[in-house]
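Q: As input, take run-v2.txt (compact mmCIF, C-alpha atoms and all ligand atoms):
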# COMPACT_ATOMS: atom_id res chain seq x y z
CA MET A 175 144.76 132.23 89.08
CA LEU A 176 141.84 134.29 90.30
CA VAL A 177 139.50 131.37 89.89
CA LEU A 178 141.79 129.19 91.95
CA LEU A 179 141.96 131.73 94.77
CA SER A 180 138.20 132.21 94.97
CA ALA A 181 137.67 128.48 94.98
CA CYS A 182 139.90 128.21 98.05
CA ALA A 183 138.45 131.22 99.83
CA PRO A 184 136.10 130.73 102.78
CA GLU A 185 132.42 130.71 101.88
CA SER A 186 131.63 134.13 103.41
CA GLU A 187 134.01 135.82 101.01
CA THR A 188 132.60 134.20 97.92
CA GLY A 189 129.00 135.03 98.71
CA SER A 190 128.00 131.39 98.39
CA SER A 191 126.43 131.25 101.85
CA ALA A 192 123.91 133.93 100.79
CA ALA A 193 123.08 131.84 97.77
CA ALA A 194 122.64 128.82 100.01
CA GLU A 195 120.10 130.75 102.10
CA ASP A 196 118.12 131.61 99.00
CA ASP A 197 118.01 127.96 98.12
CA ALA A 198 116.95 126.86 101.60
CA VAL A 199 113.89 124.63 101.49
CA LEU A 200 110.92 126.49 102.94
CA PRO A 201 108.20 124.57 104.72
CA VAL A 202 105.52 123.55 102.26
CA PRO A 203 102.22 125.33 103.02
CA PRO A 204 99.44 122.97 104.10
CA GLU A 205 97.41 123.47 100.93
CA ALA A 206 100.44 122.54 98.89
CA ALA A 207 101.02 119.51 101.09
CA ARG A 208 97.47 118.42 100.54
CA ALA A 209 97.84 118.91 96.82
CA LEU A 210 100.92 116.69 96.65
CA PRO A 211 100.42 113.81 94.29
CA ARG A 212 100.44 110.38 95.85
CA PRO A 213 104.04 109.23 95.92
CA GLU A 214 105.12 106.84 93.24
CA LEU A 215 105.61 103.49 94.88
CA HIS A 216 108.58 101.26 94.47
CA PRO A 217 107.11 97.83 93.65
CA GLY A 218 109.20 96.04 96.29
CA MET A 219 108.90 98.68 98.99
CA PRO A 220 105.45 100.18 98.90
CA GLY A 221 104.85 103.56 100.41
CA LEU A 222 108.40 104.95 100.49
CA LEU A 223 108.36 108.74 100.29
CA ASN A 224 111.01 110.88 98.69
CA ALA A 225 112.72 113.67 100.64
CA ALA A 226 110.36 116.44 99.49
CA GLU A 227 107.30 114.40 100.33
CA LEU A 228 108.62 113.57 103.79
CA GLU A 229 109.27 117.23 104.39
CA ALA A 230 105.75 118.17 103.31
CA LEU A 231 104.34 115.49 105.55
CA ALA A 232 106.32 116.82 108.54
CA ALA A 233 105.18 120.39 107.81
CA ALA A 234 101.54 119.34 107.55
CA ARG A 235 101.80 117.59 110.91
CA GLU A 236 103.44 120.60 112.53
CA ASP A 237 100.60 122.81 111.37
CA GLY A 238 98.24 120.55 113.24
CA LEU A 239 96.47 119.52 110.10
CA ALA A 240 93.98 116.82 110.77
CA ASP A 241 93.48 116.08 107.13
CA ILE A 242 96.64 114.30 106.13
CA GLY A 243 94.90 111.06 105.34
CA HIS A 244 95.96 111.27 101.73
CA LEU A 245 99.56 110.72 102.80
CA PRO A 246 100.33 107.34 104.30
CA GLU A 247 101.33 107.44 107.99
CA PHE A 248 105.16 107.09 108.27
CA GLY A 249 105.28 106.48 104.54
CA PHE A 250 104.44 102.80 104.55
CA GLY A 251 101.65 100.56 105.70
CA GLU A 252 99.52 99.08 102.99
CA THR A 253 97.92 95.81 103.89
CA ALA A 254 99.92 93.09 102.22
CA SER A 255 97.79 90.98 99.93
CA PRO A 256 98.07 87.17 100.11
CA GLU A 257 99.63 87.23 96.61
CA ARG A 258 102.30 89.66 97.71
CA ILE A 259 103.11 87.62 100.82
CA ALA A 260 103.28 84.46 98.71
CA ALA A 261 105.74 86.14 96.33
CA TRP A 262 108.16 86.74 99.21
CA ASP A 263 107.53 83.45 100.97
CA ILE A 264 110.01 81.33 99.04
CA ASP A 265 112.24 79.81 101.70
CA ILE A 266 112.85 76.09 101.59
CA GLY A 267 113.32 74.13 104.80
CA PRO A 268 116.17 71.62 105.22
CA ASP A 269 113.60 68.83 104.93
CA GLY A 270 112.31 70.24 101.64
CA GLU A 271 109.32 72.05 103.08
CA GLY A 272 108.26 74.72 100.60
CA LEU A 273 109.71 73.05 97.49
CA PRO A 274 107.48 73.83 94.51
CA PRO A 275 106.18 71.26 91.99
CA GLY A 276 108.42 70.65 89.01
CA SER A 277 111.52 68.67 88.09
CA GLY A 278 114.78 68.94 86.21
CA SER A 279 117.48 66.63 84.92
CA VAL A 280 121.24 66.82 85.25
CA GLU A 281 121.41 66.96 81.46
CA ARG A 282 119.16 69.99 81.15
CA GLY A 283 120.95 71.55 84.10
CA GLU A 284 124.23 71.30 82.24
CA THR A 285 122.79 73.18 79.26
CA LEU A 286 121.36 75.90 81.49
CA TYR A 287 124.60 76.11 83.44
CA ARG A 288 126.60 76.64 80.22
CA LEU A 289 124.27 79.44 79.25
CA GLN A 290 123.92 81.27 82.55
CA CYS A 291 126.50 80.28 85.12
CA VAL A 292 129.71 79.12 83.50
CA GLN A 293 131.30 82.54 83.07
CA CYS A 294 131.42 83.11 86.81
CA HIS A 295 131.70 79.60 88.26
CA GLY A 296 133.84 77.69 85.69
CA ALA A 297 132.97 74.84 83.33
CA ARG A 298 132.96 72.17 86.05
CA GLY A 299 132.09 74.42 88.99
CA GLU A 300 135.76 74.82 89.84
CA GLY A 301 135.29 78.59 90.15
CA SER A 302 136.78 81.16 87.83
CA GLN A 303 135.97 84.75 88.46
CA PHE A 304 133.82 83.80 91.46
CA GLU A 305 133.03 81.04 93.95
CA ALA A 306 133.79 77.38 93.30
CA LEU A 307 130.65 75.24 93.49
CA ALA A 308 132.24 71.82 93.33
CA GLY A 309 135.14 70.04 94.98
CA ARG A 310 135.69 68.12 98.18
CA VAL A 311 138.38 67.93 100.81
CA PRO A 312 139.92 64.47 100.45
CA GLY A 313 139.06 61.94 103.14
CA ASP A 314 136.92 62.60 106.14
CA ARG A 315 138.37 65.94 107.09
CA PHE A 316 136.52 69.17 107.78
CA PRO A 317 139.37 71.63 108.25
CA PHE A 318 137.71 74.93 107.36
CA ALA A 319 138.01 76.54 110.78
CA GLU A 320 141.74 75.78 111.13
CA ASP A 321 142.95 76.06 107.58
CA ARG A 322 141.72 78.87 105.38
CA ARG A 323 143.31 77.40 102.23
CA TYR A 324 140.47 74.94 101.84
CA ARG A 325 137.63 76.22 99.74
CA ILE A 326 134.09 75.98 100.94
CA THR A 327 131.95 74.43 98.20
CA VAL A 328 128.49 72.90 97.97
CA GLY A 329 130.01 69.43 98.14
CA SER A 330 132.50 70.16 100.90
CA TYR A 331 130.45 72.24 103.27
CA TRP A 332 126.72 72.51 102.68
CA PRO A 333 124.76 70.23 105.05
CA TYR A 334 121.48 70.17 103.08
CA ALA A 335 120.88 69.76 99.34
CA THR A 336 117.61 71.67 99.63
CA THR A 337 119.54 74.85 100.46
CA LEU A 338 120.98 74.73 96.96
CA PHE A 339 117.52 75.04 95.44
CA ASP A 340 116.65 77.88 97.80
CA TYR A 341 119.89 79.74 97.10
CA ILE A 342 119.85 79.41 93.31
CA ARG A 343 116.22 80.43 93.07
CA ARG A 344 116.58 83.54 95.21
CA ALA A 345 120.08 84.68 94.29
CA MET A 346 121.32 83.43 90.92
CA PRO A 347 122.26 84.19 88.20
CA GLN A 348 123.78 87.15 89.93
CA ALA A 349 122.53 89.72 87.43
CA ALA A 350 118.95 88.36 87.37
CA PRO A 351 118.09 86.81 90.73
CA GLY A 352 114.61 85.34 90.96
CA SER A 353 114.33 84.89 87.20
CA LEU A 354 114.59 81.08 87.05
CA PRO A 355 111.40 79.00 87.01
CA PRO A 356 111.25 75.94 89.32
CA ASP A 357 112.08 73.41 86.56
CA ASP A 358 115.28 75.29 85.75
CA VAL A 359 116.24 75.52 89.41
CA TYR A 360 115.73 71.76 89.85
CA ALA A 361 117.86 71.13 86.76
CA LEU A 362 120.69 73.42 87.89
CA THR A 363 120.59 71.96 91.40
CA ALA A 364 120.84 68.49 89.88
CA PHE A 365 123.81 69.46 87.70
CA ILE A 366 125.73 71.05 90.59
CA LEU A 367 125.10 67.98 92.74
CA GLN A 368 126.36 65.82 89.88
CA LEU A 369 129.52 67.97 89.65
CA ASN A 370 130.03 67.12 93.32
CA GLY A 371 129.64 63.40 92.70
CA LEU A 372 126.27 63.21 94.48
CA LEU A 373 124.10 62.38 91.44
CA GLY A 374 124.65 60.40 88.24
CA SER A 375 124.58 62.05 84.82
CA GLY A 376 121.22 60.41 83.96
CA ASP A 377 119.47 61.53 87.17
CA SER A 378 116.68 64.05 87.74
CA LEU A 379 115.38 65.86 90.79
CA ASP A 380 111.99 66.92 92.12
CA ALA A 381 110.43 67.85 95.48
CA GLU A 382 110.48 64.20 96.58
CA SER A 383 114.01 63.23 95.65
CA LEU A 384 115.94 66.41 96.48
CA PRO A 385 115.47 66.23 100.29
CA ARG A 386 116.62 62.59 100.25
CA ILE A 387 120.11 63.47 99.05
CA ARG A 388 122.54 63.17 101.90
CA MET A 389 125.26 65.78 101.80
CA PRO A 390 128.81 64.84 102.87
CA ALA A 391 128.87 67.62 105.48
CA ARG A 392 125.47 66.69 106.90
CA ASP A 393 126.75 65.66 110.33
CA ARG A 394 129.38 68.35 110.62
CA PHE A 395 127.04 70.90 112.14
CA VAL A 396 125.16 70.92 115.42
CA ARG A 397 121.84 72.58 116.01
CA ASP A 398 122.09 75.58 118.32
CA ASP A 399 119.59 74.49 120.96
CA ARG A 400 120.80 76.73 123.77
CA ARG A 401 118.06 78.50 125.66
CA GLY A 402 118.15 82.15 126.58
CA GLY A 403 118.15 85.61 125.15
CA PRO A 404 120.56 87.42 122.86
CA GLU A 405 123.33 87.16 125.47
CA VAL A 406 123.47 83.42 124.81
CA ARG A 407 122.85 83.15 121.06
C1 LIG B 1 127.99 87.37 87.22
C2 LIG B 1 128.56 86.28 87.95
C3 LIG B 1 127.68 85.13 88.36
C4 LIG B 1 126.84 84.38 87.59
C5 LIG B 1 126.52 84.54 86.11
C6 LIG B 1 126.34 83.34 88.47
N1 LIG B 1 126.86 83.48 89.70
FE1 LIG B 1 126.54 82.22 91.27
N2 LIG B 1 127.69 83.41 92.47
C7 LIG B 1 128.31 84.56 92.06
C8 LIG B 1 128.89 85.21 93.21
C9 LIG B 1 129.66 86.52 93.22
C10 LIG B 1 128.60 84.38 94.33
C11 LIG B 1 128.94 84.63 95.79
C12 LIG B 1 127.86 85.48 96.35
C13 LIG B 1 128.03 85.71 97.83
O1 LIG B 1 128.80 85.04 98.49
O2 LIG B 1 127.33 86.61 98.33
C14 LIG B 1 127.87 83.24 93.81
C15 LIG B 1 127.44 82.20 94.59
C16 LIG B 1 126.78 81.09 94.10
C17 LIG B 1 126.46 79.92 94.89
C18 LIG B 1 126.80 79.73 96.36
C19 LIG B 1 128.23 79.27 96.50
C20 LIG B 1 128.67 79.11 97.95
O3 LIG B 1 129.25 78.07 98.31
O4 LIG B 1 128.44 80.04 98.74
C21 LIG B 1 125.79 79.07 94.07
C22 LIG B 1 125.26 77.70 94.43
C23 LIG B 1 125.69 79.70 92.76
N3 LIG B 1 126.30 80.94 92.82
C24 LIG B 1 125.06 79.15 91.67
C25 LIG B 1 124.92 79.80 90.45
C26 LIG B 1 124.14 79.29 89.36
C27 LIG B 1 123.37 77.98 89.36
C28 LIG B 1 124.23 80.20 88.35
C29 LIG B 1 123.56 80.17 86.99
C30 LIG B 1 122.11 80.12 86.99
C31 LIG B 1 125.10 81.27 88.81
N4 LIG B 1 125.48 81.00 90.10
C32 LIG B 1 125.45 82.38 88.05
C33 LIG B 1 128.38 85.05 90.77
C34 LIG B 1 127.68 84.57 89.70
Kindly transcribe the structure held in the file into structure tokens.
Ligand code: HEC

A:
Amino acid sequence: MLVLLSACAPESETGSSAAAEDDAVLPVPPEAARALPRPELHPGMPGLLNAAELEALAAAREDGLADIGHLPEFGFGETASPERIAAWDIDIGPDGEGLPPGSGSVERGETLYRLQCVQCHGARGEGSQFEALAGRVPGDRFPFAEDRRYRITVGSYWPYATTLFDYIRRAMPQAAPGSLPPDDVYALTAFILQLNGLLGSGDSLDAESLPRIRMPARDRFVRDDRRGGPEVR
């Protein structure tokens, strides 16, 4: 009972505010700031500082210390190497610009799909736990805006086949995005296109053939060519 009461009591009665004062973070003296080890860098986000390091940096600046060169200004700002830029520069244009060398067959794609994708997308891309990847709206209809019952799939909605390569490579499988080499991505792209009736079971894909595939929804979108600032777009 006593414990309950003290837990509900205001802070001043429990003495916890005094304790909080004792714990208050004091400004780090300049020497200590200078002695701080270089922050450990996150590989994807170089130069991020943790809370204590940021505080030390602020204190060192307040003290008018000129010598804070050992701490990176604002916590980021290393020159990006060409290799690092290349690692992030993986987008594929609608026309296939940026597609890497390599190739993959529908057959190999099916094997890879069974190993890495089937549990979330269903044996034939019909969707199970997650998104359907295959299936079309019968006829020439494109009713997604008016009727939410229709499922958006690669075959029913995506205007460019090249986007499939881009998406799989950067985002799938969900637990290990970026782990698939180009040959595997070509193969999986080929298999998903075959599930949508856009390739035969003996077909393969590479940087030449993928952009030539014409998606059923290709002409269902218009390019936003309006001119103006953010108030227009
Ligand atoms: C753990 C579950 C999981 C696995 C495994 C998985 N996916 Fe996905 N996938 C998802 C989820 C969830 C989404 C939707 C993500 C979103 O909308 O942000 C998705 C979306 C997609 C889409 C886009 C669908 C659309 O119309 O928007 C494609 C294509 C795709 N996955 C392909 C694959 C391929 C190929 C593999 C195997 C290499 C794979 N996925 C493995 C969960 C998974």

Q: Select the residues contacting ligand LIG 1 (chain B) at a distance of at most 9 Å, based on all atoms listed in the file, then format the selection as a PyMOL selection string.

A: chain A and resi 283+286-295+299+303-308+325-332+337-339+341-343+345-351+354+358-359+362-363+365-366

Q: Which of these, A:Gly278, A:Pro333, A:Gly267, A:Gly251, has the shortest distance to Arg388 in chain A once you count all atoms listed in the file?

A: A:Pro333

Q: Measure the distance from CA of Asp357 in chain A to CA of Pro275 in chain A in Å and round it to one decimal.

A: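 Taking CA of Asp357 in chain A as the start and CA of Pro275 in chain A as the end point, the length is 8.3 Å.
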
Q: Could you give me, as JSON lines, a per-residue list for range 279-316 of chain A showing, wherever an atom lies at most 9 Å from an atom of range 371-376 of chain A, the closest pair of atoms and their distance in Å to one decimal, using all atoms listed in the file and sorting by chain then residue number from low to high?

A:
{"residue": "A:Ser279", "atom": "CA", "partner": "A:Gly376", "partner_atom": "CA", "distance": 7.3}
{"residue": "A:Val280", "atom": "CA", "partner": "A:Ser375", "partner_atom": "CA", "distance": 5.8}
{"residue": "A:Glu281", "atom": "CA", "partner": "A:Ser375", "partner_atom": "CA", "distance": 6.7}
{"residue": "A:Ala308", "atom": "CA", "partner": "A:Gly371", "partner_atom": "CA", "distance": 8.8}
{"residue": "A:Gly309", "atom": "CA", "partner": "A:Gly371", "partner_atom": "CA", "distance": 8.9}

Q: Let's have the selection written as a CSV table (one decimal), in the coordinates of the input, with C-alpha atoms.

A:
chain,number,residue,atom,x,y,z
A,279,SER,CA,117.5,66.6,84.9
A,280,VAL,CA,121.2,66.8,85.2
A,281,GLU,CA,121.4,67.0,81.5
A,308,ALA,CA,132.2,71.8,93.3
A,309,GLY,CA,135.1,70.0,95.0

Q: Around the point (106.5, 66.3, 98.1) in the file's coordinates, collect all residues with an atom within 9 Å, using all atoms listed in the file, and return them as JSON, numbers by chain.

A: {"A": [270, 271, 272, 273, 274, 275, 380, 381, 382, 383]}
